[in-house]
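**Q** Next comes the structure file data37.pdb, holding PDB, C-alpha atoms.
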```
MODEL        1
ATOM      1  CA  MET F   1      78.817 -68.910 -23.043  1.00  0.00           C
ATOM      2  CA  HIS F   2      80.988 -66.976 -20.616  1.00  0.00           C
ATOM      3  CA  ILE F   3      83.807 -69.520 -21.020  1.00  0.00           C
ATOM      4  CA  LYS F   4      83.472 -69.328 -24.812  1.00  0.00           C
ATOM      5  CA  GLU F   5      83.665 -65.521 -24.743  1.00  0.00           C
ATOM      6  CA  GLU F   6      86.748 -65.644 -22.528  1.00  0.00           C
ATOM      7  CA  MET F   7      88.389 -68.153 -24.888  1.00  0.00           C
ATOM      8  CA  ILE F   8      87.688 -66.177 -28.070  1.00  0.00           C
ATOM      9  CA  ASN F   9      88.803 -62.964 -26.340  1.00  0.00           C
ATOM     10  CA  LYS F  10      92.148 -64.561 -25.444  1.00  0.00           C
ATOM     11  CA  LEU F  11      92.512 -66.054 -28.939  1.00  0.00           C
ATOM     12  CA  CYS F  12      91.811 -62.687 -30.555  1.00  0.00           C
ATOM     13  CA  LYS F  13      94.343 -61.006 -28.260  1.00  0.00           C
ATOM     14  CA  LEU F  14      97.005 -63.606 -29.117  1.00  0.00           C
ATOM     15  CA  LEU F  15      96.338 -63.340 -32.853  1.00  0.00           C
ATOM     16  CA  LEU F  16      96.681 -59.568 -32.743  1.00  0.00           C
ATOM     17  CA  GLU F  17      99.923 -59.900 -30.799  1.00  0.00           C
ATOM     18  CA  ILE F  18     101.198 -62.322 -33.458  1.00  0.00           C
ATOM     19  CA  GLY F  19     100.179 -59.902 -36.200  1.00  0.00           C
ATOM     20  CA  ALA F  20     101.834 -56.959 -34.434  1.00  0.00           C
ATOM     21  CA  LEU F  21     105.065 -58.930 -33.946  1.00  0.00           C
ATOM     22  CA  LEU F  22     105.102 -59.904 -37.617  1.00  0.00           C
ATOM     23  CA  MET F  23     104.411 -56.331 -38.732  1.00  0.00           C
ATOM     24  CA  SER F  24     107.125 -54.847 -36.521  1.00  0.00           C
ATOM     25  CA  SER F  25     109.594 -57.560 -37.606  1.00  0.00           C
ATOM     26  CA  GLY F  26     109.382 -56.815 -41.337  1.00  0.00           C
ATOM     27  CA  ALA F  27     106.726 -59.240 -42.626  1.00  0.00           C
ATOM     28  CA  ASN F  28     104.541 -58.192 -45.534  1.00  0.00           C
ATOM     29  CA  SER F  29     100.746 -57.921 -45.308  1.00  0.00           C
ATOM     30  CA  SER F  30     100.100 -61.191 -47.145  1.00  0.00           C
ATOM     31  CA  ARG F  31     102.200 -63.226 -44.704  1.00  0.00           C
ATOM     32  CA  ILE F  32     100.491 -61.605 -41.714  1.00  0.00           C
ATOM     33  CA  ARG F  33      97.014 -62.334 -43.105  1.00  0.00           C
ATOM     34  CA  ILE F  34      97.835 -65.930 -44.061  1.00  0.00           C
ATOM     35  CA  THR F  35      99.416 -66.718 -40.672  1.00  0.00           C
ATOM     36  CA  ILE F  36      96.546 -65.284 -38.633  1.00  0.00           C
ATOM     37  CA  THR F  37      93.907 -66.932 -40.828  1.00  0.00           C
ATOM     38  CA  ARG F  38      95.694 -70.293 -40.543  1.00  0.00           C
ATOM     39  CA  ILE F  39      95.700 -70.170 -36.741  1.00  0.00           C
ATOM     40  CA  ALA F  40      92.102 -68.891 -36.495  1.00  0.00           C
ATOM     41  CA  ASN F  41      90.844 -71.652 -38.809  1.00  0.00           C
ATOM     42  CA  SER F  42      92.563 -74.294 -36.671  1.00  0.00           C
ATOM     43  CA  TYR F  43      90.301 -73.228 -33.787  1.00  0.00           C
ATOM     44  CA  GLY F  44      87.176 -73.278 -35.934  1.00  0.00           C
ATOM     45  CA  TYR F  45      86.862 -69.534 -36.557  1.00  0.00           C
ATOM     46  CA  ASN F  46      86.985 -67.423 -39.685  1.00  0.00           C
ATOM     47  CA  ALA F  47      89.112 -64.284 -39.522  1.00  0.00           C
ATOM     48  CA  GLU F  48      88.783 -60.900 -41.167  1.00  0.00           C
ATOM     49  CA  LEU F  49      91.855 -58.725 -40.723  1.00  0.00           C
ATOM     50  CA  LEU F  50      92.332 -55.031 -41.481  1.00  0.00           C
ATOM     51  CA  ILE F  51      96.034 -54.179 -41.711  1.00  0.00           C
ATOM     52  CA  THR F  52      97.303 -50.610 -41.613  1.00  0.00           C
ATOM     53  CA  HIS F  53     100.834 -49.336 -41.143  1.00  0.00           C
ATOM     54  CA  ARG F  54     100.394 -48.642 -37.417  1.00  0.00           C
ATOM     55  CA  ALA F  55      97.367 -50.705 -36.361  1.00  0.00           C
ATOM     56  CA  LEU F  56      95.617 -54.056 -36.808  1.00  0.00           C
ATOM     57  CA  MET F  57      91.886 -54.746 -36.520  1.00  0.00           C
ATOM     58  CA  LEU F  58      90.752 -58.366 -36.252  1.00  0.00           C
ATOM     59  CA  THR F  59      87.266 -59.878 -36.326  1.00  0.00           C
ATOM     60  CA  LEU F  60      86.753 -63.559 -35.493  1.00  0.00           C
ATOM     61  CA  PHE F  61      83.394 -65.105 -36.339  1.00  0.00           C
ATOM     62  CA  ASP F  62      81.584 -68.421 -36.462  1.00  0.00           C
ATOM     63  CA  GLU F  63      79.066 -68.460 -39.321  1.00  0.00           C
ATOM     64  CA  GLU F  64      77.193 -71.517 -38.046  1.00  0.00           C
ATOM     65  CA  LYS F  65      76.529 -70.047 -34.592  1.00  0.00           C
ATOM     66  CA  ASP F  66      76.292 -66.428 -35.803  1.00  0.00           C
ATOM     67  CA  TYR F  67      78.918 -65.301 -33.290  1.00  0.00           C
ATOM     68  CA  PHE F  68      81.672 -62.731 -33.761  1.00  0.00           C
ATOM     69  CA  PHE F  69      84.274 -60.804 -31.762  1.00  0.00           C
ATOM     70  CA  SER F  70      86.350 -57.768 -32.805  1.00  0.00           C
ATOM     71  CA  ARG F  71      89.472 -56.208 -31.347  1.00  0.00           C
ATOM     72  CA  LEU F  72      92.002 -53.501 -32.318  1.00  0.00           C
ATOM     73  CA  LYS F  73      95.739 -53.243 -31.577  1.00  0.00           C
ATOM     74  CA  ARG F  74      98.367 -50.627 -32.391  1.00  0.00           C
ATOM     75  CA  THR F  75     101.686 -51.894 -33.733  1.00  0.00           C
ATOM     76  CA  SER F  76     105.149 -50.851 -32.593  1.00  0.00           C
ATOM     77  CA  PRO F  77     107.711 -49.132 -34.865  1.00  0.00           C
ATOM     78  CA  HIS F  78     108.875 -51.337 -37.728  1.00  0.00           C
ATOM     79  CA  GLY F  79     112.260 -53.002 -37.998  1.00  0.00           C
ATOM     80  CA  ALA F  80     113.758 -56.280 -39.192  1.00  0.00           C
ATOM     81  CA  ASN F  81     113.777 -59.480 -37.159  1.00  0.00           C
ATOM     82  CA  PHE F  82     113.612 -62.509 -39.431  1.00  0.00           C
ATOM     83  CA  LYS F  83     114.201 -64.819 -36.481  1.00  0.00           C
ATOM     84  CA  MET F  84     110.803 -63.707 -35.164  1.00  0.00           C
ATOM     85  CA  VAL F  85     109.115 -64.022 -38.576  1.00  0.00           C
ATOM     86  CA  SER F  86     110.384 -67.567 -39.194  1.00  0.00           C
ATOM     87  CA  GLY F  87     109.672 -68.595 -35.584  1.00  0.00           C
ATOM     88  CA  ILE F  88     106.039 -67.488 -35.798  1.00  0.00           C
ATOM     89  CA  SER F  89     105.630 -69.223 -39.170  1.00  0.00           C
ATOM     90  CA  ARG F  90     106.875 -72.517 -37.709  1.00  0.00           C
ATOM     91  CA  MET F  91     104.660 -72.029 -34.662  1.00  0.00           C
ATOM     92  CA  SER F  92     101.551 -71.539 -36.817  1.00  0.00           C
ATOM     93  CA  TRP F  93     102.073 -74.903 -38.510  1.00  0.00           C
ATOM     94  CA  LYS F  94     102.652 -76.642 -35.180  1.00  0.00           C
ATOM     95  CA  ILE F  95      99.363 -75.145 -33.920  1.00  0.00           C
ATOM     96  CA  VAL F  96      97.552 -76.711 -36.875  1.00  0.00           C
ATOM     97  CA  GLU F  97      99.326 -80.084 -36.825  1.00  0.00           C
ATOM     98  CA  GLU F  98      99.703 -80.622 -33.062  1.00  0.00           C
ATOM     99  CA  LYS F  99      96.471 -78.902 -31.920  1.00  0.00           C
ATOM    100  CA  TRP F 100      98.120 -76.506 -29.480  1.00  0.00           C
ATOM    101  CA  ASP F 101      96.041 -74.840 -26.784  1.00  0.00           C
ATOM    102  CA  LEU F 102      96.165 -71.089 -26.126  1.00  0.00           C
ATOM    103  CA  ASN F 103      98.582 -71.411 -23.217  1.00  0.00           C
ATOM    104  CA  GLN F 104     101.125 -73.147 -25.468  1.00  0.00           C
ATOM    105  CA  ILE F 105     100.848 -70.291 -27.970  1.00  0.00           C
ATOM    106  CA  GLN F 106     101.417 -67.740 -25.211  1.00  0.00           C
ATOM    107  CA  GLN F 107     104.460 -69.624 -23.917  1.00  0.00           C
ATOM    108  CA  GLU F 108     105.959 -69.876 -27.425  1.00  0.00           C
ATOM    109  CA  LEU F 109     105.431 -66.152 -28.041  1.00  0.00           C
ATOM    110  CA  GLU F 110     107.171 -65.341 -24.772  1.00  0.00           C
ATOM    111  CA  ARG F 111     110.049 -67.618 -25.780  1.00  0.00           C
ATOM    112  CA  LEU F 112     110.372 -65.951 -29.192  1.00  0.00           C
ATOM    113  CA  LYS F 113     110.307 -62.473 -27.658  1.00  0.00           C
ATOM    114  CA  SER F 114     113.020 -63.454 -25.166  1.00  0.00           C
ATOM    115  CA  LEU F 115     115.449 -64.742 -27.812  1.00  0.00           C
ATOM    116  CA  PRO F 116     118.682 -62.732 -27.625  1.00  0.00           C
ATOM    117  CA  HIS F 117     119.643 -60.313 -30.373  1.00  0.00           C
ATOM    118  CA  TYR F 118     123.147 -59.883 -31.712  1.00  0.00           C
ATOM    119  CA  SER F 119     125.358 -57.802 -29.454  1.00  0.00           C
ATOM    120  CA  ARG F 120     125.920 -54.162 -30.349  1.00  0.00           C
ATOM    121  CA  LEU F 121     129.595 -54.752 -31.090  1.00  0.00           C
ATOM    122  CA  THR F 122     128.795 -57.675 -33.393  1.00  0.00           C
ATOM    123  CA  THR F 123     126.244 -55.590 -35.270  1.00  0.00           C
ATOM    124  CA  LEU F 124     128.653 -52.687 -35.681  1.00  0.00           C
ATOM    125  CA  LEU F 125     131.460 -54.938 -36.929  1.00  0.00           C
ATOM    126  CA  MET F 126     129.303 -56.927 -39.356  1.00  0.00           C
ATOM    127  CA  VAL F 127     127.617 -53.849 -40.825  1.00  0.00           C
ATOM    128  CA  GLY F 128     131.017 -52.176 -41.089  1.00  0.00           C
ATOM    129  CA  LEU F 129     132.381 -55.194 -42.976  1.00  0.00           C
ATOM    130  CA  ALA F 130     129.354 -55.073 -45.264  1.00  0.00           C
ATOM    131  CA  GLY F 131     130.125 -51.427 -46.042  1.00  0.00           C
ATOM    132  CA  ALA F 132     133.755 -52.292 -46.762  1.00  0.00           C
ATOM    133  CA  SER F 133     132.629 -55.147 -49.009  1.00  0.00           C
ATOM    134  CA  PHE F 134     130.398 -52.828 -51.006  1.00  0.00           C
ATOM    135  CA  CYS F 135     133.365 -50.528 -51.460  1.00  0.00           C
ATOM    136  CA  ARG F 136     135.446 -53.458 -52.736  1.00  0.00           C
ATOM    137  CA  LEU F 137     132.678 -54.424 -55.181  1.00  0.00           C
ATOM    138  CA  PHE F 138     132.761 -50.901 -56.568  1.00  0.00           C
ATOM    139  CA  GLY F 139     136.510 -51.264 -57.145  1.00  0.00           C
ATOM    140  CA  GLY F 140     137.936 -49.615 -54.041  1.00  0.00           C
ATOM    141  CA  SER F 141     141.365 -50.460 -52.645  1.00  0.00           C
ATOM    142  CA  TYR F 142     142.045 -51.791 -49.144  1.00  0.00           C
ATOM    143  CA  ILE F 143     142.579 -48.240 -47.890  1.00  0.00           C
ATOM    144  CA  ASP F 144     139.225 -47.243 -49.367  1.00  0.00           C
ATOM    145  CA  MET F 145     137.644 -50.281 -47.690  1.00  0.00           C
ATOM    146  CA  LEU F 146     139.093 -49.199 -44.343  1.00  0.00           C
ATOM    147  CA  ILE F 147     137.632 -45.708 -44.834  1.00  0.00           C
ATOM    148  CA  ALA F 148     134.227 -47.157 -45.757  1.00  0.00           C
ATOM    149  CA  PHE F 149     134.371 -49.474 -42.733  1.00  0.00           C
ATOM    150  CA  SER F 150     135.169 -46.607 -40.353  1.00  0.00           C
ATOM    151  CA  ALA F 151     132.492 -44.322 -41.811  1.00  0.00           C
ATOM    152  CA  THR F 152     129.863 -47.068 -41.678  1.00  0.00           C
ATOM    153  CA  VAL F 153     130.612 -48.037 -38.087  1.00  0.00           C
ATOM    154  CA  ALA F 154     130.608 -44.395 -36.947  1.00  0.00           C
ATOM    155  CA  GLY F 155     127.342 -43.641 -38.727  1.00  0.00           C
ATOM    156  CA  LEU F 156     125.597 -46.729 -37.378  1.00  0.00           C
ATOM    157  CA  PHE F 157     126.798 -45.910 -33.862  1.00  0.00           C
ATOM    158  CA  ILE F 158     125.341 -42.398 -34.191  1.00  0.00           C
ATOM    159  CA  ARG F 159     122.050 -43.821 -35.421  1.00  0.00           C
ATOM    160  CA  GLN F 160     121.858 -46.274 -32.519  1.00  0.00           C
ATOM    161  CA  GLU F 161     122.484 -43.474 -30.038  1.00  0.00           C
ATOM    162  CA  ALA F 162     119.849 -41.263 -31.678  1.00  0.00           C
ATOM    163  CA  VAL F 163     117.295 -44.094 -31.542  1.00  0.00           C
ATOM    164  CA  LYS F 164     118.193 -44.737 -27.900  1.00  0.00           C
ATOM    165  CA  LYS F 165     117.485 -41.069 -27.106  1.00  0.00           C
ATOM    166  CA  VAL F 166     114.095 -41.387 -28.883  1.00  0.00           C
ATOM    167  CA  PHE F 167     114.837 -39.058 -31.784  1.00  0.00           C
ATOM    168  CA  ASN F 168     112.530 -39.076 -34.779  1.00  0.00           C
ATOM    169  CA  PRO F 169     113.584 -42.186 -36.817  1.00  0.00           C
ATOM    170  CA  TYR F 170     114.056 -40.148 -40.004  1.00  0.00           C
ATOM    171  CA  LEU F 171     116.179 -37.647 -38.114  1.00  0.00           C
ATOM    172  CA  ALA F 172     118.266 -40.524 -36.732  1.00  0.00           C
ATOM    173  CA  ILE F 173     118.881 -41.720 -40.299  1.00  0.00           C
ATOM    174  CA  PHE F 174     119.837 -38.183 -41.348  1.00  0.00           C
ATOM    175  CA  PHE F 175     122.367 -37.961 -38.491  1.00  0.00           C
ATOM    176  CA  ALA F 176     123.809 -41.341 -39.480  1.00  0.00           C
ATOM    177  CA  ALA F 177     124.106 -40.422 -43.162  1.00  0.00           C
ATOM    178  CA  LEU F 178     125.666 -37.073 -42.272  1.00  0.00           C
ATOM    179  CA  SER F 179     128.213 -38.673 -39.921  1.00  0.00           C
ATOM    180  CA  SER F 180     129.232 -41.355 -42.418  1.00  0.00           C
ATOM    181  CA  SER F 181     129.463 -38.969 -45.359  1.00  0.00           C
ATOM    182  CA  VAL F 182     131.415 -36.365 -43.355  1.00  0.00           C
ATOM    183  CA  ILE F 183     134.042 -38.971 -42.422  1.00  0.00           C
ATOM    184  CA  ALA F 184     134.249 -40.430 -45.937  1.00  0.00           C
ATOM    185  CA  GLY F 185     133.993 -36.976 -47.537  1.00  0.00           C
ATOM    186  CA  ALA F 186     137.072 -35.783 -45.665  1.00  0.00           C
ATOM    187  CA  THR F 187     139.142 -38.425 -47.470  1.00  0.00           C
ATOM    188  CA  VAL F 188     137.759 -37.214 -50.810  1.00  0.00           C
ATOM    189  CA  LYS F 189     138.707 -33.653 -49.922  1.00  0.00           C
ATOM    190  CA  LEU F 190     142.208 -34.708 -48.845  1.00  0.00           C
ATOM    191  CA  GLN F 191     142.521 -37.291 -51.651  1.00  0.00           C
ATOM    192  CA  LEU F 192     143.381 -40.146 -49.319  1.00  0.00           C
ATOM    193  CA  GLY F 193     143.295 -43.640 -50.758  1.00  0.00           C
ATOM    194  CA  THR F 194     143.103 -44.850 -54.339  1.00  0.00           C
ATOM    195  CA  HIS F 195     139.430 -44.102 -55.018  1.00  0.00           C
ATOM    196  CA  PRO F 196     138.081 -42.140 -52.026  1.00  0.00           C
ATOM    197  CA  ASP F 197     134.927 -41.336 -53.986  1.00  0.00           C
ATOM    198  CA  PHE F 198     134.048 -45.060 -53.888  1.00  0.00           C
ATOM    199  CA  ALA F 199     134.307 -45.025 -50.100  1.00  0.00           C
ATOM    200  CA  PHE F 200     132.153 -41.892 -49.997  1.00  0.00           C
ATOM    201  CA  ALA F 201     129.477 -43.429 -52.237  1.00  0.00           C
ATOM    202  CA  THR F 202     129.290 -46.703 -50.281  1.00  0.00           C
ATOM    203  CA  SER F 203     129.532 -45.258 -46.771  1.00  0.00           C
ATOM    204  CA  VAL F 204     125.727 -44.820 -46.499  1.00  0.00           C
ATOM    205  CA  LEU F 205     124.540 -47.999 -48.241  1.00  0.00           C
ATOM    206  CA  TYR F 206     123.795 -49.649 -44.875  1.00  0.00           C
ATOM    207  CA  LEU F 207     120.921 -47.164 -44.506  1.00  0.00           C
ATOM    208  CA  ILE F 208     119.151 -48.133 -47.754  1.00  0.00           C
ATOM    209  CA  PRO F 209     115.530 -49.093 -46.864  1.00  0.00           C
ATOM    210  CA  GLY F 210     115.500 -52.476 -48.585  1.00  0.00           C
ATOM    211  CA  ILE F 211     112.811 -54.134 -46.445  1.00  0.00           C
ATOM    212  CA  PRO F 212     110.247 -51.271 -46.672  1.00  0.00           C
ATOM    213  CA  LEU F 213     110.712 -51.055 -50.451  1.00  0.00           C
ATOM    214  CA  ILE F 214     110.473 -54.818 -50.996  1.00  0.00           C
ATOM    215  CA  ASN F 215     107.378 -55.046 -48.771  1.00  0.00           C
ATOM    216  CA  SER F 216     105.896 -52.056 -50.573  1.00  0.00           C
ATOM    217  CA  LEU F 217     106.223 -53.777 -53.956  1.00  0.00           C
ATOM    218  CA  SER F 218     104.966 -57.079 -52.507  1.00  0.00           C
ATOM    219  CA  ASP F 219     101.880 -55.401 -51.023  1.00  0.00           C
ATOM    220  CA  LEU F 220     101.152 -53.529 -54.246  1.00  0.00           C
ATOM    221  CA  LEU F 221     101.375 -56.739 -56.293  1.00  0.00           C
ATOM    222  CA  ASP F 222      99.097 -58.524 -53.808  1.00  0.00           C
ATOM    223  CA  GLY F 223      96.493 -55.760 -54.074  1.00  0.00           C
ATOM    224  CA  ASN F 224      97.171 -54.267 -50.625  1.00  0.00           C
ATOM    225  CA  LEU F 225      97.381 -50.816 -52.155  1.00  0.00           C
ATOM    226  CA  MET F 226      97.109 -48.732 -48.984  1.00  0.00           C
ATOM    227  CA  ASN F 227      99.883 -50.593 -47.164  1.00  0.00           C
ATOM    228  CA  GLY F 228     102.006 -50.685 -50.303  1.00  0.00           C
ATOM    229  CA  ILE F 229     101.745 -46.926 -50.790  1.00  0.00           C
ATOM    230  CA  VAL F 230     102.408 -46.173 -47.109  1.00  0.00           C
ATOM    231  CA  ARG F 231     105.451 -48.460 -47.008  1.00  0.00           C
ATOM    232  CA  GLY F 232     106.685 -46.997 -50.288  1.00  0.00           C
ATOM    233  CA  MET F 233     106.373 -43.473 -48.887  1.00  0.00           C
ATOM    234  CA  ASN F 234     108.209 -44.586 -45.751  1.00  0.00           C
ATOM    235  CA  GLY F 235     111.053 -45.894 -47.911  1.00  0.00           C
ATOM    236  CA  LEU F 236     111.037 -42.668 -49.931  1.00  0.00           C
ATOM    237  CA  ILE F 237     111.330 -40.491 -46.814  1.00  0.00           C
ATOM    238  CA  ILE F 238     114.214 -42.654 -45.575  1.00  0.00           C
ATOM    239  CA  ALA F 239     115.928 -42.220 -48.948  1.00  0.00           C
ATOM    240  CA  LEU F 240     115.394 -38.446 -48.749  1.00  0.00           C
ATOM    241  CA  SER F 241     116.919 -38.423 -45.241  1.00  0.00           C
ATOM    242  CA  ILE F 242     119.983 -40.245 -46.582  1.00  0.00           C
ATOM    243  CA  ALA F 243     120.217 -37.845 -49.514  1.00  0.00           C
ATOM    244  CA  ALA F 244     119.960 -34.847 -47.181  1.00  0.00           C
ATOM    245  CA  GLY F 245     122.878 -36.140 -45.091  1.00  0.00           C
ATOM    246  CA  LEU F 246     124.989 -36.679 -48.204  1.00  0.00           C
ATOM    247  CA  LEU F 247     124.081 -33.248 -49.546  1.00  0.00           C
ATOM    248  CA  CYS F 248     125.169 -31.539 -46.330  1.00  0.00           C
ATOM    249  CA  ALA F 249     128.573 -33.276 -46.513  1.00  0.00           C
ATOM    250  CA  ILE F 250     128.974 -32.362 -50.191  1.00  0.00           C
ATOM    251  CA  LEU F 251     128.192 -28.716 -49.465  1.00  0.00           C
ATOM    252  CA  MET F 252     130.471 -28.747 -46.414  1.00  0.00           C
ATOM    253  CA  TYR F 253     133.498 -29.953 -48.381  1.00  0.00           C
ATOM    254  CA  ASN F 254     132.458 -28.428 -51.708  1.00  0.00           C
ATOM    255  CA  ILE F 255     133.102 -31.709 -53.511  1.00  0.00           C
TER     256      ILE F 255
ENDMDL
END
```
Write the structure described by the file as structure tokens, please.
**A**
Amino acid sequence: MHIKEEMINKLCKLLLEIGALLMSSGANSSRIRITITRIANSYGYNAELLITHRALMLTLFDEEKDYFFSRLKRTSPHGANFKMVSGISRMSWKIVEEKWDLNQIQQELERLKSLPHYSRLTTLLMVGLAGASFCRLFGGSYIDMLIAFSATVAGLFIRQEAVKKVFNPYLAIFFAALSSSVIAGATVKLQLGTHPDFAFATSVLYLIPGIPLINSLSDLLDGNLMNGIVRGMNGLIIALSIAAGLLCAILMYNI
């Protein structure tokens, strides 16, 4: 019995770690529940999972032997890491098909967590190009695209620095929106470029909370009302932070 308790304790710990990684990487509640249930069932256990925005509670039980084990884990701040989400999804199917043991799961999780992210320079350049592309889609000229690129890169850099110094995440978004809109707003004030207002409007689009809003709608449609409302409110506060940064720039330049 002691060996069985140790095994189910380790399994529960691994499942919660998987759930926390999925939650912090941008997965919706349905994917988290399906993945954890799939792995638990492959080991002969049923799983009941309570998912909140900042914590997970998991209960594993065996109906035939009337045995259960519960554990709770807090999740880290949310972001977007689809490499982690897809890697865990593939791992869950390999666990079912190849009958992995717990040590193999632990090794794969460590491998996934050690995968390198894009460099800071690459991220800044790609997000800047995305901002310039949005400006072009709106009808901006090449000068407007250059303005949007510069404002986007500067704002993202400010946000990264604010996050590094452990500022409140909404405050970091406000600083980023303010920085981008101040740079782009100066060109509107000075009438630089063909359509400087297009550069101003697109300079903060990189901050739009697409993942929280999509996950909010997905959770609401799946019946996960609490998570859907919380994620929707998170997206709303991010949008308000962006709007506050834009408003400050508008008032500053009186545009």
**Q** Please write the residues picked by the PyMOL selection byres ((chain F and resi 201-210) around 9) on this file as a PyMOL selection string.
**A** chain F and resi 127-128+130-132+134-135+138+147-152+155-156+173+176-178+180-181+183-184+196-200+211-215+234-236+238-239+242+246
**Q** May I ask which of the residues F:Val153, F:Leu72, F:Cys12, F:Leu60 is the closest one to Leu121 (chain F), counting all atoms listed in the file?
**A**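 Of the candidates, the smallest distance to Leu121 (chain F) is held by F:Val153.
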**Q** Around (87.1, -60.9, -40.7), as given in the file, which residues come within 8 Å? Count all atoms listed in the file and list them as an mmCIF file with C-alpha atoms, keeping the file's coordinate frame.
**A**
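Writing done, so here's result36.cif:
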```
data_model
loop_
_atom_site.group_PDB
_atom_site.id
_atom_site.type_symbol
_atom_site.label_atom_id
_atom_site.label_comp_id
_atom_site.auth_asym_id
_atom_site.auth_seq_id
_atom_site.Cartn_x
_atom_site.Cartn_y
_atom_site.Cartn_z
ATOM 1 C CA ASN F 46 86.985 -67.423 -39.685
ATOM 2 C CA ALA F 47 89.112 -64.284 -39.522
ATOM 3 C CA GLU F 48 88.783 -60.900 -41.167
ATOM 4 C CA LEU F 49 91.855 -58.725 -40.723
ATOM 5 C CA LEU F 50 92.332 -55.031 -41.481
ATOM 6 C CA LEU F 58 90.752 -58.366 -36.252
ATOM 7 C CA THR F 59 87.266 -59.878 -36.326
ATOM 8 C CA LEU F 60 86.753 -63.559 -35.493
ATOM 9 C CA PHE F 61 83.394 -65.105 -36.339
#
```
**Q** Taking the file as shown, find all residues satisfying the PyMOL selection byres ((chain F and resi 27-31) around 9) and write them as a PyMOL selection string.
**A** chain F and resi 21-26+32-36+51-52+80-82+85+89+211+214-216+218-219+222+224+227-228
**Q** Rank F:Arg231, F:Lys94, F:Arg120, F:Arg74 by their smallest atom-to-atom distance to Glu108 (chain F), using all atoms listed in the file, and report the top residue only.
**A**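 The shortest atom-to-atom distance to Glu108 (chain F) comes from F:Lys94.
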